[in-house]
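To be precise, the following lines are run.cif, and they hold mmCIF, C-alpha atoms.
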data_input
#
loop_
_atom_site.label_atom_id
_atom_site.label_comp_id
_atom_site.auth_asym_id
_atom_site.auth_seq_id
_atom_site.Cartn_x
_atom_site.Cartn_y
_atom_site.Cartn_z
CA MET M 1 0.00 0.00 0.00
CA GLY M 2 1.43 3.35 -1.06
CA LEU M 3 1.57 6.44 1.08
CA LEU M 4 -1.15 8.18 -0.93
CA ASP M 5 -3.46 5.19 -0.61
CA ALA M 6 -2.86 5.07 3.14
CA VAL M 7 -3.73 8.76 3.48
CA ARG M 8 -6.89 8.27 1.46
CA ARG M 9 -7.98 5.39 3.67
CA ALA M 10 -7.17 7.25 6.89
CA PHE M 11 -9.30 10.25 5.90
CA ASN M 12 -11.97 8.17 4.10
CA ILE M 13 -11.25 10.01 0.86
CA GLY M 14 -13.13 8.20 -1.84
CA GLY M 15 -14.56 5.83 0.78
CA CYS M 16 -18.10 4.75 1.55
CA ARG M 17 -21.13 7.04 1.76
CA LEU M 18 -24.04 7.01 4.22
CA VAL M 19 -27.59 8.25 3.71
CA ILE M 20 -30.31 8.19 6.41
CA GLU M 21 -33.91 7.94 5.29
CA THR M 22 -37.04 7.94 7.49
CA ASP M 23 -40.48 6.63 6.61
CA SER M 24 -42.20 9.92 7.48
CA PRO M 25 -41.16 13.59 7.44
CA PHE M 26 -42.92 14.20 10.78
CA HIS M 27 -42.51 12.34 14.06
CA PRO M 28 -45.06 12.86 16.89
CA GLN M 29 -43.85 12.83 20.48
CA GLY M 30 -43.58 9.29 21.83
CA SER M 31 -43.76 7.66 18.40
CA LEU M 32 -41.44 5.25 16.62
CA VAL M 33 -38.92 6.64 14.15
CA ASP M 34 -38.65 4.01 11.43
CA GLY M 35 -36.38 4.12 8.41
CA ALA M 36 -33.22 2.74 6.86
CA VAL M 37 -29.55 3.61 6.49
CA HIS M 38 -28.27 3.26 2.92
CA LEU M 39 -24.60 2.35 2.60
CA GLU M 40 -22.74 2.70 -0.69
CA GLY M 41 -19.15 1.62 -1.26
CA GLY M 42 -16.75 4.17 -2.71
CA GLY M 43 -13.48 3.70 -4.55
CA LEU M 44 -11.88 1.78 -1.67
CA ASP M 45 -12.52 -1.63 -0.21
CA GLN M 46 -13.12 -1.17 3.52
CA THR M 47 -13.91 -3.29 6.56
CA CYS M 48 -16.37 -1.92 9.10
CA ASN M 49 -16.12 -3.29 12.63
CA SER M 50 -19.59 -2.01 13.51
CA MET M 51 -22.28 0.39 12.32
CA CYS M 52 -24.49 2.15 14.89
CA ILE M 53 -27.37 4.59 14.78
CA GLU M 54 -28.14 6.95 17.68
CA LEU M 55 -31.17 9.03 18.56
CA GLU M 56 -29.81 12.30 19.95
CA GLU M 57 -31.60 15.13 21.73
CA PHE M 58 -30.03 18.57 21.41
CA TRP M 59 -30.56 22.02 22.87
CA THR M 60 -28.65 25.24 23.50
CA GLU M 61 -27.26 26.42 26.83
CA SER M 62 -25.46 29.49 28.11
CA ARG M 63 -21.97 28.81 29.41
CA GLY M 64 -19.57 31.08 31.28
CA SER M 65 -20.24 34.60 32.50
CA GLY M 66 -19.55 38.19 31.57
CA LYS M 67 -17.41 38.56 28.45
CA ASN M 68 -16.80 34.83 28.42
CA ARG M 69 -20.49 34.00 28.23
CA SER M 70 -21.44 32.01 25.14
CA ARG M 71 -24.16 29.77 23.73
CA VAL M 72 -23.33 26.13 23.08
CA THR M 73 -25.32 23.25 21.61
CA VAL M 74 -25.53 20.17 23.84
CA TYR M 75 -26.11 16.69 22.39
CA ARG M 76 -27.33 13.71 24.43
CA THR M 77 -27.81 10.17 23.12
CA ARG M 78 -31.21 8.85 24.21
CA GLU M 79 -31.26 5.56 22.31
CA LYS M 80 -28.72 3.52 20.34
CA GLN M 81 -29.01 0.58 17.96
CA VAL M 82 -26.30 -1.57 16.34
CA LEU M 83 -27.11 -2.09 12.67
CA GLY M 84 -24.27 -4.43 11.72
CA LYS M 85 -20.86 -5.85 12.61
CA ASN M 86 -17.82 -6.98 10.61
CA LEU M 87 -19.12 -5.56 7.35
CA SER M 88 -17.11 -5.74 4.13
CA ILE M 89 -17.70 -2.63 2.02
CA LEU M 90 -16.60 -3.17 -1.55
CA PRO M 91 -16.41 -0.44 -4.22
CA GLY M 92 -19.84 0.21 -5.72
CA ASP M 93 -21.69 -2.10 -3.33
CA ARG M 94 -25.06 -0.88 -2.05
CA SER M 95 -26.93 -2.14 0.98
CA SER M 96 -29.66 -0.92 3.34
CA TYR M 97 -30.07 -1.44 7.07
CA PRO M 98 -33.52 -0.82 8.63
CA PHE M 99 -33.86 0.76 12.05
CA SER M 100 -36.59 1.58 14.56
CA LEU M 101 -36.00 4.00 17.43
CA LYS M 102 -38.58 5.37 19.86
CA LEU M 103 -38.96 9.00 20.84
CA PRO M 104 -39.69 9.45 24.56
CA GLY M 105 -43.13 10.53 25.67
CA ASN M 106 -43.41 14.30 26.13
CA SER M 107 -40.22 14.71 24.11
CA ARG M 108 -38.85 18.08 23.12
CA LEU M 109 -40.49 19.68 20.07
CA SER M 110 -38.24 20.59 17.16
CA THR M 111 -37.26 24.21 16.62
CA SER M 112 -34.52 25.86 14.58
CA THR M 113 -32.00 25.38 17.42
CA THR M 114 -33.34 22.48 19.53
CA GLY M 115 -34.83 19.08 18.91
CA TRP M 116 -33.73 15.63 17.82
CA ARG M 117 -31.46 14.07 15.24
CA LEU M 118 -30.28 10.68 14.01
CA LYS M 119 -26.55 10.01 13.84
CA VAL M 120 -25.03 7.02 12.05
CA SER M 121 -21.36 6.18 12.46
CA LEU M 122 -19.07 3.42 11.17
CA ASP M 123 -16.15 2.05 13.13
CA ILE M 124 -13.35 1.53 10.59
CA SER M 125 -9.89 0.68 11.90
CA ASP M 126 -7.06 3.14 11.23
CA ALA M 127 -9.43 5.66 9.64
CA ILE M 128 -11.60 8.61 10.52
CA ASP M 129 -14.98 7.04 11.16
CA PRO M 130 -17.51 8.03 8.49
CA ARG M 131 -20.76 9.38 9.85
CA SER M 132 -24.00 11.03 8.76
CA THR M 133 -26.71 12.97 10.61
CA LEU M 134 -30.34 13.83 9.94
CA ASN M 135 -32.41 16.32 11.94
CA LEU M 136 -35.92 15.15 12.79
CA LYS M 137 -39.12 17.17 12.71
CA VAL M 138 -40.68 16.21 16.06
CA THR M 139 -44.26 17.45 16.38
CA GLY M 140 -47.04 17.31 18.96
CA ALA M 141 -48.23 13.90 20.13
CA ALA M 142 -51.12 12.24 18.32
CA GLU M 143 -53.14 12.53 21.54
CA PHE M 144 -52.64 16.31 21.66
CA LYS M 145 -53.48 16.73 18.01
CA ALA M 146 -56.66 14.72 18.50
CA ILE M 147 -57.79 17.36 21.02
CA ALA M 148 -56.89 20.18 18.63
CA ALA M 149 -58.74 18.45 15.80
CA ALA M 150 -61.85 17.97 17.96
CA CYS M 151 -61.81 21.68 18.89
CA VAL M 152 -61.85 22.52 15.20
CA GLU M 153 -64.61 20.05 14.36
CA VAL M 154 -66.91 20.52 17.35
CA PHE M 155 -66.36 24.11 18.49
CA GLN M 156 -65.29 25.64 15.15
CA MET M 157 -62.07 26.91 16.69
CA ARG M 158 -58.90 27.57 14.72
CA GLU M 159 -55.36 26.59 15.68
CA LYS M 160 -53.10 29.60 16.22
CA ASP M 161 -50.12 29.52 13.88
CA ASN M 162 -46.81 28.52 15.45
CA SER M 163 -48.32 28.26 18.93
CA TRP M 164 -46.95 24.81 19.79
CA LYS M 165 -44.32 25.12 22.54
CA TRP M 166 -42.40 22.79 24.86
CA ASN M 167 -40.91 23.72 28.23
CA ASP M 168 -38.49 22.22 30.73
CA SER M 169 -41.34 20.71 32.76
CA ARG M 170 -41.89 18.49 29.69
CA SER M 171 -45.34 19.93 29.03
CA THR M 172 -46.58 20.80 25.56
CA TYR M 173 -48.57 23.99 25.04
CA PHE M 174 -50.73 25.05 22.11
CA ARG M 175 -53.37 27.70 21.60
CA MET M 176 -56.75 27.57 19.87
CA LEU M 177 -58.54 30.70 18.62
CA PRO M 178 -62.31 30.82 19.32
CA SER M 179 -65.10 30.93 16.79
CA GLU M 180 -66.86 34.24 16.14
CA GLU M 181 -69.55 33.38 18.72
CA MET M 182 -67.02 32.28 21.35
CA LYS M 183 -65.00 35.48 20.88
CA ARG M 184 -67.67 37.23 22.95
CA GLU M 185 -66.39 35.28 25.95
CA PHE M 186 -62.79 34.24 25.22
CA ASP M 187 -59.71 35.78 23.64
CA TYR M 188 -58.26 32.28 23.27
CA ILE M 189 -58.35 28.79 24.78
CA ALA M 190 -54.99 27.09 25.35
CA PHE M 191 -53.89 23.64 26.46
CA SER M 192 -50.87 22.60 28.54
CA LEU M 193 -50.62 18.82 28.41
CA HIS M 194 -48.55 15.74 29.27
CA GLN M 195 -48.73 12.28 27.78
CA VAL M 196 -49.51 9.73 30.51
CA GLU M 197 -46.84 7.04 30.27
CA ASN M 198 -47.91 3.61 28.99
CA THR M 199 -51.63 4.50 28.87
CA GLY M 200 -52.15 6.54 25.72
CA GLY M 201 -54.00 9.17 27.74
CA VAL M 202 -53.28 12.80 28.57
CA ARG M 203 -53.41 15.02 31.63
CA GLY M 204 -52.93 18.74 32.05
CA LYS M 205 -55.05 21.86 32.00
CA ILE M 206 -57.19 24.08 29.79
CA ILE M 207 -56.37 27.77 30.01
CA PHE M 208 -59.25 30.16 29.24
CA ASN M 209 -58.22 33.73 28.48
CA LEU M 210 -61.34 35.81 29.09
CA GLN M 211 -62.64 38.51 26.82
CA GLU M 212 -62.76 41.95 28.49
CA LYS M 213 -66.28 43.29 28.90
CA SER M 214 -65.79 46.06 31.45
CA PHE M 215 -63.21 48.44 32.85
CA LYS M 216 -62.66 46.02 35.71
CA ASP M 217 -61.93 43.25 33.20
CA TYR M 218 -59.32 45.42 31.51
CA LEU M 219 -57.63 46.03 34.86
CA LYS M 220 -57.54 42.29 35.49
CA ALA M 221 -56.00 41.75 32.07
CA MET M 222 -53.25 44.26 32.85
CA LEU M 223 -52.43 42.23 35.99
CA PHE M 224 -52.65 38.90 34.11
CA MET M 225 -55.70 37.95 36.19
CA ASP M 226 -57.93 37.34 33.17
CA ARG M 227 -57.17 33.62 32.92
CA ILE M 228 -59.09 30.65 34.31
CA GLU M 229 -57.47 27.21 34.42
CA LYS M 230 -59.38 23.93 34.51
CA PRO M 231 -57.85 20.45 34.89
CA LEU M 232 -58.09 18.11 31.92
CA VAL M 233 -57.75 14.32 31.95
CA LEU M 234 -58.55 12.13 28.95
CA SER M 235 -57.99 8.39 28.53
CA ARG M 236 -57.06 6.83 25.22
CA ASP M 237 -60.60 5.43 24.90
CA GLN M 238 -61.94 8.98 25.17
CA LEU M 239 -59.51 10.27 22.56
CA PHE M 240 -59.84 7.57 19.93
CA ARG M 241 -62.48 5.11 18.77
CA ALA M 242 -61.75 1.41 18.42
CA ASP M 243 -60.81 1.93 14.75
CA GLY M 244 -58.24 4.59 15.67
CA THR M 245 -60.17 7.65 14.50
CA VAL M 246 -60.61 10.67 16.76
CA ASP M 247 -63.68 10.49 19.03
CA CYS M 248 -64.85 14.09 18.76
CA ALA M 249 -68.03 13.46 20.76
CA ALA M 250 -66.16 12.01 23.75
CA ILE M 251 -63.67 14.88 23.77
CA GLN M 252 -66.56 17.34 23.55
CA ASN M 253 -68.19 15.74 26.60
CA ILE M 254 -65.08 16.51 28.64
CA ILE M 255 -64.30 20.04 27.40
CA GLU M 256 -67.80 21.45 26.96
CA PRO M 257 -68.81 21.46 30.67
CA ALA M 258 -65.77 23.59 31.52
CA ILE M 259 -66.73 26.13 28.85
CA LEU M 260 -70.36 26.21 29.99
CA GLU M 261 -69.35 26.61 33.63
CA ILE M 262 -67.32 29.71 32.83
CA VAL M 263 -70.04 31.20 30.62
CA GLU M 264 -72.69 30.62 33.30
CA ALA M 265 -70.50 32.12 36.03
CA ARG M 266 -69.78 35.23 33.99
CA SER M 267 -73.47 35.66 33.17
CA GLN M 268 -74.38 35.54 36.86
CA TYR M 269 -71.59 37.97 37.70
CA GLU M 270 -72.88 40.46 35.18
CA GLY M 271 -76.30 40.31 36.82
CA THR M 272 -78.28 39.81 33.63
CA ARG M 273 -77.89 37.32 30.83
CA GLN M 274 -77.47 38.89 27.43
CA PRO M 275 -79.29 36.88 24.72
CA GLU M 276 -76.43 37.20 22.29
CA ILE M 277 -73.96 35.43 24.60
CA THR M 278 -76.02 32.49 25.86
CA ALA M 279 -74.27 29.16 26.21
CA GLY M 280 -76.50 27.62 23.56
CA GLU M 281 -75.26 30.10 20.98
CA ILE M 282 -71.60 29.88 21.97
CA ILE M 283 -71.48 26.09 21.77
CA PRO M 284 -73.46 24.26 19.10
CA LYS M 285 -75.77 21.62 20.53
CA ALA M 286 -74.18 18.19 20.90
CA GLU M 287 -76.95 16.61 18.83
CA ALA M 288 -76.01 18.77 15.85
CA ASN M 289 -72.36 17.76 16.07
CA LEU M 290 -73.17 14.08 16.48
CA SER M 291 -75.21 14.16 13.26
CA ILE M 292 -71.96 14.47 11.29
CA PRO M 293 -71.57 11.25 9.25
CA SER M 294 -69.00 8.98 10.84
CA ARG M 295 -67.40 8.39 7.45
CA LYS M 296 -66.56 12.11 7.18
CA ILE M 297 -64.97 12.19 10.64
CA GLN M 298 -62.89 9.08 9.89
CA LYS M 299 -61.63 10.59 6.69
CA GLU M 300 -60.64 13.92 8.27
CA PHE M 301 -59.20 12.57 11.47
CA ASP M 302 -57.32 9.43 10.54
CA PRO M 303 -54.40 9.62 13.09
CA ARG M 304 -51.97 8.74 10.33
CA LYS M 305 -52.85 12.11 8.79
CA LEU M 306 -52.91 14.16 11.99
CA ASP M 307 -49.60 15.86 11.18
CA ASP M 308 -50.74 16.86 7.69
CA TYR M 309 -54.09 18.08 9.11
CA CYS M 310 -52.61 20.18 11.87
CA ASN M 311 -49.77 21.65 9.79
CA LYS M 312 -52.08 23.06 7.13
#
Could you spell out this file's structure in structure tokens?
Amino acid sequence: MGLLDAVRRAFNIGGCRLVIETDSPFHPQGSLVDGAVHLEGGGLDQTCNSMCIELEEFWTESRGSGKNRSRVTVYRTREKQVLGKNLSILPGDRSSYPFSLKLPGNSRLSTSTTGWRLKVSLDISDAIDPRSTLNLKVTGAAEFKAIAAACVEVFQMREKDNSWKWNDSRSTYFRMLPSEEMKREFDYIAFSLHQVENTGGVRGKIIFNLQEKSFKDYLKAMLFMDRIEKPLVLSRDQLFRADGTVDCAAIQNIIEPAILEIVEARSQYEGTRQPEITAGEIIPKAEANLSIPSRKIQKEFDPRKLDDYCNK
């Protein structure tokens, strides 16, 4: 082996190439990330001791203080899988290695600077180990998106653009904008939720931001006292039907009483009930919503299409 050939091998010049491919462009919290690593031999014959894929979480942190303060990106491996050992990589050879890694429940949502990525690396003796990375688009859990979809279908709300957030308490927050009728009572209705481990259910709270109707209400808003929080607990059976489609009626039965309670309380506080803001007008009757053909609901709320639905 000549010196030039040895240098090429050491720096993987003209060596193998790696490409990571996933089965879906979006990955809900707590879901499986399935895909394959495609390996293509280059101009050198190589021997790989092992090939591994890692699921890494990353975020930014401030380090140091004063003039030495800086932002750094931290990477943590959360899951690892060995894809192969003692592999012979011949020039021009192509092979694929499937993988399946699971995102944790309540995992961090992807942003421009934080999120999750896949990293594949090859252990090749006496050479810089080839590697490849792929950032993942981690979105809200299917359970959370079922609630958002039901709010759209039953209460005619609209999801606020770019409102999905994740915080260090591992809760996921998103905001729904009320229908024209509900705007008389609410500026917005938000959710702060956790996936319940190993059950498929959710727990958290609904946050009602009240519409100002008087000078006193405006003063409360200035002091951030215009919010009412209600607990929310939903089991998987309340979120989804047996066939996997979203159970809008069951979700309505849990959320609607909280809305009506607030509307009734505000009406009593005002002393007189105004006809234009009665509960019956704010929330369509359940019977009307349940008359929606089941075939239509199944088509719109197939959980396999939840990401496409909620990212429109």
What's the 8 Å shell around M:Leu32, counting all atoms listed in the file, without same-chain residues fewer than 5 positions away, as a count of residues only? 5
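Rounded to one decimal, atom CA of M:Gly84 and atom CA of M:Gly105 lie 27.8 Å from each other.
When atom CA of M:Ser96 is paired with atom CA of M:Glu21, their separation reads 10.0 Å.
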May I ask for the distance between atom CA of M:Pro91 and atom CA of M:Glu54, given in Å to one decimal place? 25.9 Å
Written as a PyMOL selection string, what is the full residue list that the PyMOL selection byres ((chain M and resi 30) around 10) yields on the file shown? chain M and resi 27-29+31-33+102-107+138-142+195+197+200
So what does the PyMOL selection byres ((chain M and resi 187-194) around 6) actually pick up in this one, as JSON, numbers by chain? {"M": [171, 172, 173, 174, 175, 176, 177, 178, 183, 186, 195, 202, 203, 204, 205, 206, 207, 208, 209, 210, 211]}
Selection result for the PyMOL selection byres ((chain M and resi 115-120) around 10) on this file, as a PyMOL selection string: chain M and resi 18-22+33+37+51-60+75-83+101+103+107-114+121-122+130-139
Completion step: stretch 103-128 of chain M with N, CA and C atoms as a PDB file, in the coordinates of the input:
ATOM      1  N   LEU M 103     -39.038   7.715  20.142  1.00  0.00           N
ATOM      2  CA  LEU M 103     -38.960   9.000  20.840  1.00  0.00           C
ATOM      3  C   LEU M 103     -39.609   8.867  22.212  1.00  0.00           C
ATOM      4  N   PRO M 104     -39.058   9.500  23.231  1.00  0.00           N
ATOM      5  CA  PRO M 104     -39.690   9.450  24.560  1.00  0.00           C
ATOM      6  C   PRO M 104     -41.037  10.161  24.548  1.00  0.00           C
ATOM      7  N   GLY M 105     -41.906   9.765  25.469  1.00  0.00           N
ATOM      8  CA  GLY M 105     -43.130  10.530  25.670  1.00  0.00           C
ATOM      9  C   GLY M 105     -42.797  11.926  26.145  1.00  0.00           C
ATOM     10  N   ASN M 106     -43.621  12.896  25.739  1.00  0.00           N
ATOM     11  CA  ASN M 106     -43.410  14.300  26.130  1.00  0.00           C
ATOM     12  C   ASN M 106     -42.038  14.803  25.706  1.00  0.00           C
ATOM     13  N   SER M 107     -41.534  14.300  24.584  1.00  0.00           N
ATOM     14  CA  SER M 107     -40.220  14.710  24.110  1.00  0.00           C
ATOM     15  C   SER M 107     -40.228  16.143  23.604  1.00  0.00           C
ATOM     16  N   ARG M 108     -39.051  16.698  23.561  1.00  0.00           N
ATOM     17  CA  ARG M 108     -38.850  18.080  23.120  1.00  0.00           C
ATOM     18  C   ARG M 108     -39.364  18.255  21.680  1.00  0.00           C
ATOM     19  N   LEU M 109     -40.063  19.365  21.432  1.00  0.00           N
ATOM     20  CA  LEU M 109     -40.490  19.680  20.070  1.00  0.00           C
ATOM     21  C   LEU M 109     -39.320  20.283  19.289  1.00  0.00           C
ATOM     22  N   SER M 110     -39.317  20.073  18.001  1.00  0.00           N
ATOM     23  CA  SER M 110     -38.240  20.590  17.160  1.00  0.00           C
ATOM     24  C   SER M 110     -38.411  22.085  16.907  1.00  0.00           C
ATOM     25  N   THR M 111     -37.313  22.808  17.019  1.00  0.00           N
ATOM     26  CA  THR M 111     -37.260  24.210  16.620  1.00  0.00           C
ATOM     27  C   THR M 111     -36.012  24.387  15.761  1.00  0.00           C
ATOM     28  N   SER M 112     -35.695  25.627  15.422  1.00  0.00           N
ATOM     29  CA  SER M 112     -34.520  25.860  14.580  1.00  0.00           C
ATOM     30  C   SER M 112     -33.216  25.556  15.318  1.00  0.00           C
ATOM     31  N   THR M 113     -33.238  25.570  16.655  1.00  0.00           N
ATOM     32  CA  THR M 113     -32.000  25.380  17.420  1.00  0.00           C
ATOM     33  C   THR M 113     -32.059  24.217  18.409  1.00  0.00           C
ATOM     34  N   THR M 114     -33.223  23.600  18.590  1.00  0.00           N
ATOM     35  CA  THR M 114     -33.340  22.480  19.530  1.00  0.00           C
ATOM     36  C   THR M 114     -34.168  21.377  18.894  1.00  0.00           C
ATOM     37  N   GLY M 115     -34.014  20.170  19.416  1.00  0.00           N
ATOM     38  CA  GLY M 115     -34.830  19.080  18.910  1.00  0.00           C
ATOM     39  C   GLY M 115     -34.124  17.738  18.977  1.00  0.00           C
ATOM     40  N   TRP M 116     -34.231  16.991  17.881  1.00  0.00           N
ATOM     41  CA  TRP M 116     -33.730  15.630  17.820  1.00  0.00           C
ATOM     42  C   TRP M 116     -33.055  15.378  16.477  1.00  0.00           C
ATOM     43  N   ARG M 117     -32.095  14.457  16.491  1.00  0.00           N
ATOM     44  CA  ARG M 117     -31.460  14.070  15.240  1.00  0.00           C
ATOM     45  C   ARG M 117     -31.032  12.610  15.307  1.00  0.00           C
ATOM     46  N   LEU M 118     -30.853  12.017  14.134  1.00  0.00           N
ATOM     47  CA  LEU M 118     -30.280  10.680  14.010  1.00  0.00           C
ATOM     48  C   LEU M 118     -28.823  10.826  13.603  1.00  0.00           C
ATOM     49  N   LYS M 119     -27.972  10.012  14.198  1.00  0.00           N
ATOM     50  CA  LYS M 119     -26.550  10.010  13.840  1.00  0.00           C
ATOM     51  C   LYS M 119     -26.098   8.577  13.597  1.00  0.00           C
ATOM     52  N   VAL M 120     -25.566   8.340  12.405  1.00  0.00           N
ATOM     53  CA  VAL M 120     -25.030   7.020  12.050  1.00  0.00           C
ATOM     54  C   VAL M 120     -23.518   7.129  11.938  1.00  0.00           C
ATOM     55  N   SER M 121     -22.819   6.177  12.537  1.00  0.00           N
ATOM     56  CA  SER M 121     -21.360   6.180  12.460  1.00  0.00           C
ATOM     57  C   SER M 121     -20.847   4.765  12.208  1.00  0.00           C
ATOM     58  N   LEU M 122     -19.738   4.686  11.466  1.00  0.00           N
ATOM     59  CA  LEU M 122     -19.070   3.420  11.170  1.00  0.00           C
ATOM     60  C   LEU M 122     -17.731   3.381  11.884  1.00  0.00           C
ATOM     61  N   ASP M 123     -17.439   2.244  12.483  1.00  0.00           N
ATOM     62  CA  ASP M 123     -16.150   2.050  13.130  1.00  0.00           C
ATOM     63  C   ASP M 123     -15.227   1.322  12.154  1.00  0.00           C
ATOM     64  N   ILE M 124     -14.311   2.084  11.549  1.00  0.00           N
ATOM     65  CA  ILE M 124     -13.350   1.530  10.590  1.00  0.00           C
ATOM     66  C   ILE M 124     -11.953   1.722  11.158  1.00  0.00           C
ATOM     67  N   SER M 125     -11.232   0.631  11.294  1.00  0.00           N
ATOM     68  CA  SER M 125      -9.890   0.680  11.900  1.00  0.00           C
ATOM     69  C   SER M 125      -8.944   1.558  11.094  1.00  0.00           C
ATOM     70  N   ASP M 126      -8.102   2.304  11.831  1.00  0.00           N
ATOM     71  CA  ASP M 126      -7.060   3.140  11.230  1.00  0.00           C
ATOM     72  C   ASP M 126      -7.620   4.163  10.236  1.00  0.00           C
ATOM     73  N   ALA M 127      -8.817   4.663  10.531  1.00  0.00           N
ATOM     74  CA  ALA M 127      -9.430   5.660   9.640  1.00  0.00           C
ATOM     75  C   ALA M 127     -10.372   6.542  10.446  1.00  0.00           C
ATOM     76  N   ILE M 128     -10.577   7.748   9.938  1.00  0.00           N
ATOM     77  CA  ILE M 128     -11.600   8.610  10.520  1.00  0.00           C
ATOM     78  C   ILE M 128     -12.958   7.963  10.263  1.00  0.00           C
TER      79      ILE M 128
END
